[in-house]
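Below you'll find the structure, written out as structure tokens, and then a few comments.
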Amino acid sequence: MHRHVASLVLVCALSQGCLSGGGVRPEPFPRPSSRSEPANIANIANTGSVREDLVDTATSLAGVPYREGGQTLTGFDCSGFTQYVFHQHGVTLPRLTREQYQIGHAIAAQDLRPGDLVFFTTVAPGASHVGVAVNQNEFVHAPSERGVVRIERLSGRYWASRFVGARRVIE
């Protein structure tokens, strides 16, 4: 009986994805290298500039610590980070990773542009981690408690094997 309850608790915790309330940590996030409101889908005339500004905002937050449930400059979890970055540019994203995975338009990895959302499976099946594309091979995100906001390569073994899709929120 105790084993069944423990398994049930684990399944419930894992189903929360990036915004987990049970201390679930993606295992293992790679170490740093050297280097719920409805969505407001933005259709902004000068998208190139907005995309660049959005990426500038996201990358400027490098070094901010991970904080479970965090959505402020004192610390971010992955979906809190993306929500905060987009909000700075007038775009409202839902709070949870799985909800962010439902907005905008699905795009192929080879069609990534700066500012697109990229999704990975880490703590649960399906989209459970999110970041912001910097270019076609880099993204910025807020990884686990042992991490800080940082830029990583989509082609890295860890991330490439866990990539589940990308969404375009700014048209």
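Naming works like this for the structure tokens: A, B, ... for the chains as they're shown, residue 1 at the start of each chain, ligands 1 onward in shown order.
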Long-range neighbours of range 97-100 of chain A as a PyMOL selection string, 6 Å cut-off, only C-alpha atoms, 2 positions minimum in chain = chain A and resi 79+94+102-103+127-128
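Compared by their closest atoms to Tyr66 in chain A, and using only C-alpha atoms, the residues A:Arg168, A:Arg153, A:Gly147, A:His89 rank with A:Gly147 nearest.
Residues of range 39-97 of chain A that DSSP, applied to the backbone, places in strand (DSSP E or B): Ala42, Pro65, Tyr66, Gln71, Thr72, Gly75 and Phe76 of chain A.
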key: Residues near Leu54 in chain A, cut-off 9 Å, only C-alpha atoms, skip fewer than 6 positions along chain, as a PyMOL selection string   = chain A and resi 85-86+88-89+114-115+132
For the selection you just gave me, I'd like the residues written to a file as a PDB file, in the first residue's frame, keeping C-alpha atoms.
ATOM      1  CA  VAL A  85      10.349  38.022 -20.929  1.00  0.00           C
ATOM      2  CA  PHE A  86       7.313  38.157 -23.213  1.00  0.00           C
ATOM      3  CA  GLN A  88       8.197  42.966 -21.020  1.00  0.00           C
ATOM      4  CA  HIS A  89       7.203  43.284 -24.686  1.00  0.00           C
ATOM      5  CA  PRO A 114      14.780  34.460 -32.578  1.00  0.00           C
ATOM      6  CA  GLY A 115      11.998  34.798 -30.021  1.00  0.00           C
ATOM      7  CA  VAL A 132      13.389  31.196 -25.918  1.00  0.00           C
TER       8      VAL A 132
END
message = What's the separation between CA of Arg113 in chain A and CA of Ala133 in chain A, in Å to one decimal place?
response = 6.7 Å
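Proximity of A:Gly63, A:Ala58, A:Gly69, A:Gln136 to His87 in chain A, computed with only C-alpha atoms, is greatest for A:Ala58.
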